[in-house]
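Visitor: Next comes the structure file query_13.csv, holding CSV, C-alpha atoms and all ligand atoms.
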```csv
chain,number,residue,atom,x,y,z
A,1,MET,CA,-85.1,-38.1,-20.4
A,2,ILE,CA,-88.4,-38.6,-22.2
A,3,SER,CA,-90.2,-41.8,-21.1
A,4,ASN,CA,-91.5,-44.2,-23.8
A,5,LYS,CA,-93.2,-46.4,-21.2
A,6,LYS,CA,-96.9,-46.8,-20.7
A,7,VAL,CA,-98.7,-47.5,-17.4
A,8,CYS,CA,-102.4,-48.3,-16.8
A,9,ILE,CA,-103.9,-47.0,-13.6
A,10,LEU,CA,-106.9,-49.0,-12.2
A,11,TYR,CA,-108.9,-46.8,-9.8
A,12,THR,CA,-111.0,-48.9,-7.5
A,13,GLY,CA,-111.7,-46.3,-4.8
A,14,GLY,CA,-110.1,-45.6,-1.4
A,15,THR,CA,-109.1,-42.4,0.5
A,16,ILE,CA,-107.0,-41.1,-2.3
A,17,GLY,CA,-110.0,-39.9,-4.3
A,18,MET,CA,-112.5,-39.4,-1.4
A,19,VAL,CA,-114.3,-36.3,-0.4
A,20,SER,CA,-115.8,-35.4,2.9
A,21,THR,CA,-119.6,-36.1,3.1
A,22,GLU,CA,-122.1,-35.8,6.0
A,23,HIS,CA,-121.5,-39.5,6.7
A,24,GLY,CA,-117.7,-39.3,6.6
A,25,TYR,CA,-115.2,-39.7,3.7
A,26,ALA,CA,-116.5,-41.5,0.6
A,27,PRO,CA,-115.4,-41.9,-3.0
A,28,LYS,CA,-116.9,-39.6,-5.7
A,29,LYS,CA,-117.5,-40.7,-9.3
A,30,ASP,CA,-115.4,-39.0,-12.0
A,31,TYR,CA,-113.7,-36.8,-9.5
A,32,LEU,CA,-110.2,-38.2,-9.3
A,33,SER,CA,-109.4,-37.6,-13.0
A,34,VAL,CA,-110.2,-33.9,-12.5
A,35,LEU,CA,-107.7,-33.8,-9.6
A,36,LEU,CA,-105.0,-35.7,-11.6
A,37,ASN,CA,-105.3,-33.3,-14.5
A,38,GLU,CA,-104.4,-30.5,-12.1
A,39,ILE,CA,-101.1,-32.1,-11.0
A,40,HIS,CA,-98.6,-30.8,-13.6
A,41,GLN,CA,-95.9,-33.5,-12.7
A,42,LEU,CA,-98.3,-36.1,-14.0
A,43,GLN,CA,-98.1,-34.6,-17.4
A,44,SER,CA,-94.3,-34.5,-17.4
A,45,PRO,CA,-92.7,-36.2,-20.5
A,46,THR,CA,-90.2,-37.9,-18.2
A,47,LEU,CA,-93.0,-39.8,-16.5
A,48,PRO,CA,-94.5,-42.9,-18.3
A,49,LYS,CA,-97.6,-42.1,-20.2
A,50,TRP,CA,-100.7,-43.3,-18.3
A,51,ASP,CA,-104.3,-44.1,-18.8
A,52,ILE,CA,-106.9,-44.5,-16.1
A,53,VAL,CA,-109.7,-47.1,-15.8
A,54,GLU,CA,-112.2,-46.0,-13.2
A,55,PHE,CA,-114.2,-48.8,-11.5
A,56,ASP,CA,-118.0,-48.5,-11.0
A,57,PRO,CA,-118.9,-48.3,-8.2
A,58,LEU,CA,-115.9,-46.8,-6.5
A,59,LEU,CA,-115.5,-48.4,-3.1
A,60,ASP,CA,-114.1,-47.9,0.3
A,61,SER,CA,-111.8,-50.9,0.4
A,62,SER,CA,-113.7,-52.3,3.4
A,63,ASN,CA,-116.4,-53.2,0.8
A,64,ILE,CA,-114.0,-55.0,-1.5
A,65,ALA,CA,-114.4,-58.7,-1.9
A,66,LEU,CA,-113.9,-61.5,-4.4
A,67,GLU,CA,-116.0,-59.9,-7.2
A,68,GLN,CA,-113.7,-56.8,-7.2
A,69,TRP,CA,-110.5,-59.0,-7.0
A,70,ASN,CA,-111.7,-60.9,-10.1
A,71,ALA,CA,-112.6,-57.6,-11.8
A,72,ILE,CA,-109.1,-56.2,-11.1
A,73,GLY,CA,-107.6,-59.4,-12.5
A,74,LYS,CA,-109.7,-59.2,-15.6
A,75,VAL,CA,-108.8,-55.6,-16.4
A,76,ILE,CA,-105.1,-56.4,-16.0
A,77,ALA,CA,-105.4,-59.6,-18.1
A,78,ASP,CA,-107.3,-57.8,-20.9
A,79,ARG,CA,-104.6,-55.1,-21.2
A,80,TYR,CA,-101.6,-57.1,-20.2
A,81,ASN,CA,-99.7,-56.7,-23.5
A,82,ASP,CA,-100.6,-53.0,-24.0
A,83,TYR,CA,-98.7,-51.6,-21.0
A,84,ASP,CA,-95.3,-51.9,-19.3
A,85,GLY,CA,-96.9,-52.0,-15.8
A,86,PHE,CA,-100.0,-51.4,-13.8
A,87,VAL,CA,-100.9,-49.2,-10.8
A,88,VAL,CA,-103.9,-50.2,-8.7
A,89,LEU,CA,-105.3,-47.3,-6.7
A,90,HIS,CA,-107.0,-48.9,-3.7
A,91,GLY,CA,-108.1,-48.1,-0.2
A,92,THR,CA,-105.5,-48.9,2.5
A,93,ASP,CA,-107.8,-50.9,4.8
A,94,THR,CA,-107.8,-54.1,2.7
A,95,MET,CA,-105.0,-53.3,0.3
A,96,ALA,CA,-102.8,-56.1,1.8
A,97,TYR,CA,-105.6,-58.6,1.2
A,98,SER,CA,-106.1,-57.5,-2.3
A,99,ALA,CA,-102.4,-57.4,-3.2
A,100,SER,CA,-102.1,-60.9,-1.7
A,101,ALA,CA,-105.1,-62.1,-3.7
A,102,LEU,CA,-103.8,-60.7,-7.0
A,103,SER,CA,-100.3,-62.2,-6.4
A,104,PHE,CA,-101.9,-65.6,-6.5
A,105,MET,CA,-104.5,-64.9,-9.2
A,106,LEU,CA,-101.8,-63.6,-11.6
A,107,GLU,CA,-99.3,-66.2,-12.5
A,108,GLY,CA,-96.2,-65.8,-14.7
A,109,LEU,CA,-96.0,-62.0,-14.3
A,110,ASN,CA,-93.2,-60.3,-16.2
A,111,LYS,CA,-94.1,-56.7,-15.3
A,112,PRO,CA,-94.9,-54.7,-12.1
A,113,ILE,CA,-98.4,-54.5,-10.6
A,114,VAL,CA,-98.1,-51.7,-7.9
A,115,PHE,CA,-100.9,-51.1,-5.4
A,116,THR,CA,-101.0,-47.7,-3.8
A,117,GLY,CA,-103.4,-45.2,-2.2
A,118,ALA,CA,-103.3,-42.5,0.4
A,119,GLN,CA,-104.0,-41.8,4.1
A,120,ILE,CA,-105.1,-38.2,3.3
A,121,PRO,CA,-107.3,-37.5,0.3
A,122,LEU,CA,-105.7,-35.9,-2.8
A,123,CYS,CA,-108.0,-32.9,-2.5
A,124,GLU,CA,-106.5,-32.0,0.9
A,125,LEU,CA,-103.4,-29.9,1.4
A,126,ARG,CA,-101.1,-32.5,3.0
A,127,SER,CA,-102.2,-35.5,0.9
A,128,ASP,CA,-99.6,-38.3,0.6
A,129,GLY,CA,-101.5,-39.4,-2.5
A,130,ARG,CA,-99.6,-37.4,-5.0
A,131,ASP,CA,-96.2,-38.7,-4.0
A,132,ASN,CA,-97.5,-42.3,-3.7
A,133,LEU,CA,-99.0,-42.2,-7.1
A,134,ILE,CA,-96.1,-40.6,-8.9
A,135,ASN,CA,-93.6,-43.0,-7.4
A,136,SER,CA,-95.9,-46.0,-8.2
A,137,ILE,CA,-96.1,-44.9,-11.9
A,138,VAL,CA,-92.3,-44.6,-12.1
A,139,ILE,CA,-91.8,-48.1,-10.5
A,140,ALA,CA,-94.5,-49.6,-12.7
A,141,GLY,CA,-92.8,-48.1,-15.8
A,142,GLU,CA,-89.3,-49.1,-14.8
A,143,GLY,CA,-90.2,-52.8,-14.8
A,144,GLN,CA,-87.6,-54.0,-12.3
A,145,VAL,CA,-90.1,-55.9,-10.1
A,146,CYS,CA,-92.1,-58.6,-11.8
A,147,GLU,CA,-94.7,-59.2,-9.1
A,148,VAL,CA,-97.6,-57.7,-7.2
A,149,CYS,CA,-96.3,-55.1,-4.7
A,150,ILE,CA,-97.4,-52.2,-2.5
A,151,TYR,CA,-95.8,-48.8,-2.7
A,152,PHE,CA,-96.5,-46.6,0.2
A,153,GLY,CA,-94.7,-43.9,2.2
A,154,GLY,CA,-91.2,-44.5,0.6
A,155,LYS,CA,-91.2,-48.3,0.6
A,156,LEU,CA,-91.9,-50.8,-2.0
A,157,LEU,CA,-93.1,-54.0,-0.3
A,158,ARG,CA,-94.0,-57.5,-1.6
A,159,GLY,CA,-97.8,-57.5,-1.8
A,160,ASN,CA,-98.3,-60.9,-0.2
A,161,ARG,CA,-95.9,-60.1,2.7
A,162,SER,CA,-97.5,-56.8,3.5
A,163,THR,CA,-99.9,-55.7,6.2
A,164,LYS,CA,-101.4,-52.4,7.2
A,165,VAL,CA,-99.5,-51.5,10.4
A,166,SER,CA,-100.9,-48.0,11.1
A,167,SER,CA,-104.3,-46.3,10.6
A,168,ASP,CA,-102.8,-42.8,11.0
A,169,GLU,CA,-99.2,-42.7,9.9
A,170,LEU,CA,-98.2,-42.0,6.3
A,171,ARG,CA,-96.0,-45.1,6.4
A,172,ALA,CA,-99.1,-47.2,6.8
A,173,PHE,CA,-97.6,-50.6,5.6
A,174,GLY,CA,-95.0,-52.9,6.7
A,175,SER,CA,-93.8,-56.4,5.7
A,176,PRO,CA,-92.5,-57.6,9.1
A,177,ASP,CA,-91.1,-60.9,7.8
A,178,HIS,CA,-89.6,-59.7,4.5
A,179,PRO,CA,-87.3,-56.8,3.7
A,180,PRO,CA,-88.6,-54.0,1.4
A,181,LEU,CA,-88.2,-54.7,-2.4
A,182,ALA,CA,-87.0,-51.1,-2.7
A,183,GLU,CA,-86.4,-48.0,-0.6
A,184,VAL,CA,-87.4,-44.7,-2.3
A,185,GLY,CA,-85.4,-41.6,-1.4
A,186,ILE,CA,-83.6,-39.3,-3.8
A,187,ASP,CA,-83.1,-42.5,-5.9
A,188,ILE,CA,-85.0,-45.8,-6.0
A,189,HIS,CA,-82.8,-48.5,-4.5
A,190,TYR,CA,-84.0,-52.0,-5.4
A,191,ASP,CA,-82.9,-54.9,-3.3
A,192,GLU,CA,-82.2,-57.8,-5.7
A,193,LYS,CA,-82.1,-60.4,-2.9
A,194,ALA,CA,-85.5,-59.3,-1.5
A,195,MET,CA,-86.9,-59.4,-5.0
A,196,SER,CA,-86.0,-63.0,-5.7
A,197,LEU,CA,-88.9,-65.3,-6.3
A,198,PRO,CA,-89.5,-69.1,-6.6
A,199,SER,CA,-89.2,-70.1,-10.2
A,200,ARG,CA,-92.3,-69.0,-12.1
A,201,PRO,CA,-94.2,-70.4,-15.1
A,202,LYS,CA,-93.3,-68.8,-18.5
A,203,TYR,CA,-96.9,-67.8,-19.4
A,204,PHE,CA,-99.1,-65.2,-17.9
A,205,GLN,CA,-102.4,-66.7,-16.6
A,206,LEU,CA,-105.3,-65.4,-14.6
A,207,THR,CA,-107.2,-67.6,-12.1
A,208,GLU,CA,-110.4,-66.1,-10.9
A,209,PHE,CA,-111.4,-66.7,-7.3
A,210,LYS,CA,-114.5,-68.7,-6.3
A,211,PRO,CA,-116.5,-67.9,-3.1
A,212,VAL,CA,-114.8,-70.6,-0.9
A,213,PRO,CA,-116.2,-70.8,2.7
A,214,ILE,CA,-113.3,-69.9,4.9
A,215,GLY,CA,-113.4,-69.0,8.6
A,216,VAL,CA,-111.0,-67.2,11.0
A,217,LEU,CA,-110.9,-67.7,14.7
A,218,LYS,CA,-108.7,-65.6,16.9
A,219,ILE,CA,-107.6,-67.5,20.1
A,220,ILE,CA,-108.0,-65.5,23.3
A,221,PRO,CA,-107.5,-66.4,26.9
A,222,GLY,CA,-110.8,-67.8,28.2
A,223,LEU,CA,-112.2,-68.5,24.7
A,224,GLN,CA,-115.7,-70.0,25.0
A,225,PHE,CA,-115.5,-72.3,22.0
A,226,GLU,CA,-119.0,-73.8,22.8
A,227,LEU,CA,-120.4,-70.5,21.4
A,228,PHE,CA,-118.6,-71.1,18.1
A,229,GLU,CA,-119.5,-74.8,17.7
A,230,SER,CA,-121.7,-74.2,14.7
A,231,MET,CA,-118.4,-73.7,12.8
A,232,ILE,CA,-117.9,-77.4,13.0
A,233,ASN,CA,-120.9,-78.5,10.9
A,234,SER,CA,-121.0,-75.5,8.6
A,235,ASN,CA,-119.0,-77.0,5.7
A,236,LEU,CA,-116.1,-74.7,6.0
A,237,LYS,CA,-113.3,-75.7,3.7
A,238,ALA,CA,-110.7,-74.1,6.1
A,239,VAL,CA,-110.5,-72.4,9.4
A,240,VAL,CA,-107.5,-70.1,10.1
A,241,LEU,CA,-106.6,-70.2,13.8
A,242,GLU,CA,-104.8,-67.1,14.9
A,243,ALA,CA,-102.8,-68.7,17.7
A,244,PHE,CA,-100.4,-67.3,20.3
A,245,GLY,CA,-96.7,-67.1,19.7
A,246,SER,CA,-95.2,-69.9,17.6
A,247,GLY,CA,-98.7,-71.5,17.2
A,248,ASN,CA,-99.9,-72.3,20.7
A,249,ILE,CA,-103.4,-72.6,22.0
A,250,PRO,CA,-104.9,-73.2,25.5
A,251,SER,CA,-104.5,-76.9,25.4
A,252,ASN,CA,-106.4,-77.2,28.7
A,253,ASN,CA,-109.6,-75.8,27.0
A,254,LYS,CA,-111.5,-79.0,26.4
A,255,ALA,CA,-114.2,-77.5,24.2
A,256,LEU,CA,-111.6,-75.9,21.9
A,257,VAL,CA,-109.4,-79.1,21.6
A,258,GLU,CA,-112.4,-81.3,21.0
A,259,GLY,CA,-113.7,-78.7,18.4
A,260,ILE,CA,-110.4,-78.8,16.6
A,261,ARG,CA,-110.5,-82.6,16.4
A,262,LYS,CA,-114.0,-82.5,15.0
A,263,LEU,CA,-113.2,-79.9,12.4
A,264,ALA,CA,-110.3,-82.1,11.2
A,265,ASP,CA,-112.6,-85.2,11.1
A,266,ASN,CA,-114.9,-83.2,8.9
A,267,ASP,CA,-112.1,-82.6,6.4
A,268,THR,CA,-111.8,-78.9,7.3
A,269,ILE,CA,-108.3,-77.6,6.9
A,270,ILE,CA,-107.0,-76.0,10.1
A,271,LEU,CA,-104.3,-73.5,9.3
A,272,VAL,CA,-102.4,-72.1,12.2
A,273,THR,CA,-101.1,-68.5,12.0
A,274,SER,CA,-99.5,-66.4,14.7
A,275,GLN,CA,-100.7,-63.3,16.5
A,276,CYS,CA,-97.1,-62.2,16.4
A,277,GLN,CA,-96.0,-60.0,13.4
A,278,ARG,CA,-92.7,-61.8,13.0
A,279,GLY,CA,-91.4,-65.4,13.1
A,280,GLY,CA,-94.4,-67.4,12.1
A,281,THR,CA,-95.6,-70.7,13.5
A,282,THR,CA,-93.8,-74.1,14.1
A,283,LEU,CA,-96.2,-76.6,15.5
A,284,GLY,CA,-94.9,-79.0,18.2
A,285,THR,CA,-92.3,-76.6,19.7
A,286,TYR,CA,-94.4,-76.4,22.8
A,287,ALA,CA,-96.7,-79.0,24.3
A,288,THR,CA,-99.5,-76.4,23.9
A,289,SER,CA,-99.3,-76.7,20.1
A,290,SER,CA,-98.8,-80.5,19.9
A,291,GLU,CA,-102.5,-81.2,20.0
A,292,LEU,CA,-102.9,-79.1,16.9
A,293,ALA,CA,-100.2,-81.1,15.1
A,294,ARG,CA,-101.8,-84.4,16.2
A,295,SER,CA,-105.2,-83.3,14.9
A,296,GLY,CA,-103.7,-82.7,11.4
A,297,ALA,CA,-103.6,-78.9,11.6
A,298,ILE,CA,-101.0,-77.3,9.4
A,299,SER,CA,-98.7,-74.4,10.0
A,300,ALA,CA,-98.9,-71.2,8.0
A,301,SER,CA,-95.2,-70.7,8.7
A,302,ASP,CA,-94.4,-67.0,8.3
A,303,MET,CA,-97.2,-66.1,6.0
A,304,THR,CA,-99.3,-63.1,6.9
A,305,ILE,CA,-102.9,-63.8,7.6
A,306,GLU,CA,-103.8,-61.8,4.5
A,307,ALA,CA,-101.6,-64.1,2.4
A,308,ALA,CA,-102.8,-67.2,4.1
A,309,ILE,CA,-106.4,-66.4,3.4
A,310,ALA,CA,-105.7,-65.4,-0.2
A,311,LYS,CA,-103.7,-68.6,-0.8
A,312,LEU,CA,-106.6,-70.7,0.5
A,313,TYR,CA,-109.0,-69.0,-1.8
A,314,TYR,CA,-106.6,-69.5,-4.7
A,315,LEU,CA,-105.9,-73.2,-4.1
A,316,PHE,CA,-109.5,-74.1,-3.6
A,317,SER,CA,-110.5,-72.0,-6.6
A,318,CYS,CA,-108.1,-74.2,-8.6
A,319,GLY,CA,-110.2,-77.1,-7.7
A,320,TYR,CA,-107.6,-79.0,-5.7
A,321,SER,CA,-108.4,-81.7,-3.1
A,322,SER,CA,-107.9,-80.9,0.6
A,323,GLU,CA,-104.8,-83.1,0.6
A,324,ARG,CA,-103.3,-81.1,-2.3
A,325,VAL,CA,-104.2,-77.8,-0.7
A,326,LYS,CA,-102.4,-78.8,2.5
A,327,LEU,CA,-99.3,-79.7,0.5
A,328,LEU,CA,-99.3,-76.5,-1.4
A,329,MET,CA,-100.0,-74.4,1.6
A,330,ALA,CA,-96.5,-75.5,2.8
A,331,THR,CA,-94.9,-74.7,-0.6
A,332,ASN,CA,-93.6,-71.2,-1.5
A,333,LEU,CA,-95.6,-70.3,-4.6
A,334,ARG,CA,-95.2,-66.5,-5.0
A,335,GLY,CA,-92.6,-65.5,-2.4
A,336,GLU,CA,-95.3,-65.4,0.3
A,337,MET,CA,-93.3,-67.6,2.8
A,338,ASN,CA,-90.0,-69.1,3.8
A,339,GLU,CA,-90.4,-72.9,3.4
A,401,LIG,N1,-111.3,-46.7,4.5
A,401,LIG,C1,-110.4,-46.3,3.5
A,401,LIG,C2,-110.3,-47.5,2.5
A,401,LIG,O1,-109.8,-48.5,2.8
A,401,LIG,C3,-109.1,-46.0,4.0
A,401,LIG,C4,-108.0,-45.6,3.1
A,401,LIG,O2,-108.1,-45.7,1.9
A,401,LIG,O3,-106.9,-45.2,3.6
A,401,LIG,O4,-110.9,-47.4,1.4
```
Hey, can you dump this file as structure tokens for me?
Guide:
Amino acid sequence: MISNKKVCILYTGGTIGMVSTEHGYAPKKDYLSVLLNEIHQLQSPTLPKWDIVEFDPLLDSSNIALEQWNAIGKVIADRYNDYDGFVVLHGTDTMAYSASALSFMLEGLNKPIVFTGAQIPLCELRSDGRDNLINSIVIAGEGQVCEVCIYFGGKLLRGNRSTKVSSDELRAFGSPDHPPLAEVGIDIHYDEKAMSLPSRPKYFQLTEFKPVPIGVLKIIPGLQFELFESMINSNLKAVVLEAFGSGNIPSNNKALVEGIRKLADNDTIILVTSQCQRGGTTLGTYATSSELARSGAISASDMTIEAAIAKLYYLFSCGYSSERVKLLMATNLRGEMNE
């Protein structure tokens, strides 16, 4: 059947359009469009019509930061009413961060925003890019999911629940604490229950991110917190602590416990995530997390670290007070957590 849908592809960079250079793989300006024109399935009348917006410069996603998130948001907002859906071609390394960020920046979505890319460049024989791109265009045109998601290696995942789980497998992404939104085989099977979202505002709105100072500290056995003490007086708005298990820290580590207290006294939000992929954090389950709870630290529940960081950027960019940010961190805004 001929498709009457229209999809806009935003090409930000990433392996999909890279070529091999003397320094390793890197994106090449104006090259991807040439490759796409050679893929005859992309001209099929049964596929939604597509246009492509190429970013300048094209980036390895390791170089993507707030400026590019805001640019992606603006390109989508400017064209929001002209297309049935959007596909964002992006490197895999930070795709889960960007998809999480965009899920908060774009409020009131009533069409799909599908991030995808490739583990093998499109110019190489065994590239996974062709398949990822074609399925993403189909999903973006179908309009069944009204949120920011990642399509990769046969699975459609909620963007703010996703994480890159493999640097060399073609199924590079997982969403360990949330089922896939769709499984893609011969047919595309959407899972209505997995797709359910907290009630959303009626109107589409873009909130650009501001450069909020946020720190991340991974707890390790034998952590010498004395060496990180400058964090305490550095005006960080929030510190994400990657704790053990359900949110535990070495509570016999005096420098760390004292440091956490001082951070809290300075009005720095301490958000506790887990080093485990599934299950999240519940402060106070063990005595080793009770000090965190006493200091006013808050639990990230089952949010991924990517979603937790994106949500902090979002809430502070909205101009909310620390108290309000704390409250909203515990509220499910875009399907990013189980409350
Ligand atoms: N380094 C690349 C990037 O993130 C990896 C990829 O796209 O798969 O841009």
Visitor: Give the answer as one residue: which of A:Leu109, A:Leu42, A:Ile76, A:Ala172 has the shortest atom-to-atom distance to ligand LIG 401 (chain A), using all atoms listed in the file?
Guide: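 Smallest distance to ligand LIG 401 (chain A) is found for A:Ala172.
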Visitor: Could you list, with a cut-off of 6 Å and counting only C-alpha atoms and all ligand atoms, the residues of chain A near ligand LIG 401 (chain A), each shown with its nearest atom pair and the distance in Å rounded to one decimal, rows sorted by chain and ascending number, as CSV?
Guide:
```
residue,atom,partner,partner_atom,distance
A:Gly14,CA,A:LIG401,O4,3.4
A:Thr15,CA,A:LIG401,O2,3.7
A:Asp60,CA,A:LIG401,O4,3.4
A:Ser61,CA,A:LIG401,O4,3.7
A:Ser62,CA,A:LIG401,O1,5.5
A:Gly91,CA,A:LIG401,O2,3.2
A:Thr92,CA,A:LIG401,O3,4.1
A:Asp93,CA,A:LIG401,O1,3.7
A:Thr94,CA,A:LIG401,O1,5.9
A:Ala118,CA,A:LIG401,O3,5.5
A:Gln119,CA,A:LIG401,O3,4.5
```
Visitor: Residues of region 197-288 of chain A that approach region 317-326 of chain A to 12 Å or less, counting all atoms listed in the file: could you list each one with the shortest pair of atoms and its distance in Å to one decimal, rows by chain and increasing residue number, as a tab-separated table?
Guide:
```
residue	atom	partner	partner_atom	distance
A:Leu206	CA	A:Cys318	CA	11.0
A:Thr207	CA	A:Cys318	CA	7.5
A:Glu208	CA	A:Ser317	CA	7.3
A:Phe209	CA	A:Ser317	CA	5.4
A:Lys210	CA	A:Ser317	CA	5.2
A:Pro211	CA	A:Ser317	CA	8.1
A:Val212	CA	A:Ser317	CA	7.3
A:Pro213	CA	A:Ser317	CA	11.0
A:Leu236	CA	A:Ser322	CA	11.6
A:Lys237	CA	A:Ser322	CA	8.1
A:Ala238	CA	A:Ser322	CA	9.2
A:Ala264	CA	A:Ser322	CA	10.9
A:Asn266	CA	A:Ser322	CA	11.1
A:Asp267	CA	A:Ser322	CA	7.4
A:Thr268	CA	A:Ser322	CA	8.0
A:Ile269	CA	A:Ser322	CA	7.1
A:Ile270	CA	A:Lys326	CA	9.3
A:Leu271	CA	A:Lys326	CA	8.8
A:Val272	CA	A:Lys326	CA	11.8
```
Visitor: Can you tell me which residues surround Ala293 (chain A) at a distance of at most 10 Å, considering only C-alpha atoms, apart from same-chain residues fewer than 6 positions away, and format the answer as a PyMOL selection string?
Guide: chain A and resi 247+270+272+282-284+299
Visitor: Please list as a VMD selection string every residue within 10 Å of Val184 (chain A), counting all atoms listed in the file and excluding residues in the same chain fewer than 2 positions away.
Guide: chain A and resid 135 139 151 to 156 182 186 to 190
Visitor: For Met337 (chain A), list every protein, DNA or RNA residue within 12 Å, evaluated using only C-alpha atoms, and leave out those in the same chain fewer than 6 positions away; present the list as a PyMOL selection string.
Guide: chain A and resi 100+158-162+175-178+197-198+278-281+299-305+307-308+311+328-331
Visitor: Skip Ser3 (chain A) itself and residues of its chain fewer than 6 positions away, then list as a list of chain:residue names all residues within 7 Å of it, counting only C-alpha atoms.
Guide: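 Once the nearby chain positions are removed, what remains is A:Pro45, A:Thr46, A:Leu47, A:Pro48.
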Visitor: Output C-alpha atoms for every residue in that selection, as a compact mmCIF listing (two decimals), in the coordinates of the input.
Guide:
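Saved as out.txt:
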```
# COMPACT_ATOMS: atom_id res chain seq x y z
CA PRO A 45 -92.70 -36.20 -20.50
CA THR A 46 -90.20 -37.90 -18.20
CA LEU A 47 -93.00 -39.80 -16.50
CA PRO A 48 -94.50 -42.90 -18.30
```
Visitor: Using only C-alpha atoms, which of A:Glu306, A:Cys123, A:Ile249, A:Val216 sits nearest Lys164 (chain A)?
Guide: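 Smallest distance to Lys164 (chain A) is found for A:Glu306.
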Visitor: Using all atoms listed in the file, which protein or nucleic acid residues come within 12 Å of Gly222 (chain A)? Drop anything in the same chain fewer than 4 positions from it, and give the result as a ChimeraX atom specification.
Guide: /A:218,226,249-256
Visitor: State, in Å with one decimal place, the distance from CA of Asn63 (chain A) to CA of Glu242 (chain A).
Guide: 22.9 Å
Visitor: Which distance in Å separates CA of Ala96 (chain A) and CA of Ile137 (chain A), to one decimal?
Guide: 18.9 Å
Visitor: Go ahead and compute the interatomic distance for CA of Glu339 (chain A) and CA of Val240 (chain A), in Å to one decimal.
Guide: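 That distance, rounded to one decimal, is 18.6 Å.
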Visitor: Of the candidates A:Thr163, A:Asn248, A:Gln68, A:Thr273, which one gets nearest to Glu291 (chain A) if we count all atoms listed in the file?
Guide: A:Asn248
Visitor: Given the choices A:Leu315, A:Asp168, A:Lys111, A:Gly13, which gets closest to Asp128 (chain A) if the distance is worked out from all atoms listed in the file?
Guide: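 Nearest to Asp128 (chain A): A:Asp168.
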Visitor: Smallest atom-to-atom distance to Ala194 (chain A): which of A:Glu336, A:Glu258, A:Glu67, A:Glu124, using all atoms listed in the file?
Guide: A:Glu336
Visitor: I'd like to know which of A:Gly73, A:Gly296, A:Gly185, A:Gly174 is closest to Gln277 (chain A), using all atoms listed in the file.
Guide: A:Gly174
Visitor: Identify the residues within 10 Å of coordinate (-91.1, -72.3, -9.3) (same frame as the file), considering all atoms listed in the file, and give the answer as a list in words.
Guide: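 Checked against the point, the hits come out as Gly108, Leu197, Pro198, Ser199, Arg200, Pro201, Thr331, Asn332, Leu333, Arg334 and Gly335 of chain A.
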Visitor: So that I have them on file, write out the residues from the current selection with C-alpha atoms, as an mmCIF file, in the coordinates of the input.
Guide:
```
data_model
loop_
_atom_site.group_PDB
_atom_site.id
_atom_site.type_symbol
_atom_site.label_atom_id
_atom_site.label_comp_id
_atom_site.auth_asym_id
_atom_site.auth_seq_id
_atom_site.Cartn_x
_atom_site.Cartn_y
_atom_site.Cartn_z
ATOM 1 C CA GLY A 108 -96.200 -65.800 -14.700
ATOM 2 C CA LEU A 197 -88.900 -65.300 -6.300
ATOM 3 C CA PRO A 198 -89.500 -69.100 -6.600
ATOM 4 C CA SER A 199 -89.200 -70.100 -10.200
ATOM 5 C CA ARG A 200 -92.300 -69.000 -12.100
ATOM 6 C CA PRO A 201 -94.200 -70.400 -15.100
ATOM 7 C CA THR A 331 -94.900 -74.700 -0.600
ATOM 8 C CA ASN A 332 -93.600 -71.200 -1.500
ATOM 9 C CA LEU A 333 -95.600 -70.300 -4.600
ATOM 10 C CA ARG A 334 -95.200 -66.500 -5.000
ATOM 11 C CA GLY A 335 -92.600 -65.500 -2.400
#
```
Visitor: List as a Markdown table every residue of region 102-203 of chain A that is in contact with region 26-40 of chain A, defined as an atom at most 12 Å from one of its atoms (using all atoms listed in the file), together with the nearest atom pair and the distance in Å rounded to one decimal, sorted by chain and then rising number.
Guide:
```
| residue | atom | partner | partner_atom | distance |
| --- | --- | --- | --- | --- |
| A:Pro121 | CA | A:Pro27 | CA | 9.8 |
| A:Leu122 | CA | A:Leu35 | CA | 7.4 |
| A:Cys123 | CA | A:Leu35 | CA | 7.2 |
| A:Glu124 | CA | A:Leu35 | CA | 10.7 |
| A:Ser127 | CA | A:Leu35 | CA | 12.0 |
| A:Gly129 | CA | A:Leu36 | CA | 10.4 |
| A:Arg130 | CA | A:Ile39 | CA | 8.1 |
| A:Asp131 | CA | A:Ile39 | CA | 10.8 |
| A:Leu133 | CA | A:Leu36 | CA | 9.9 |
| A:Ile134 | CA | A:Ile39 | CA | 10.1 |
```
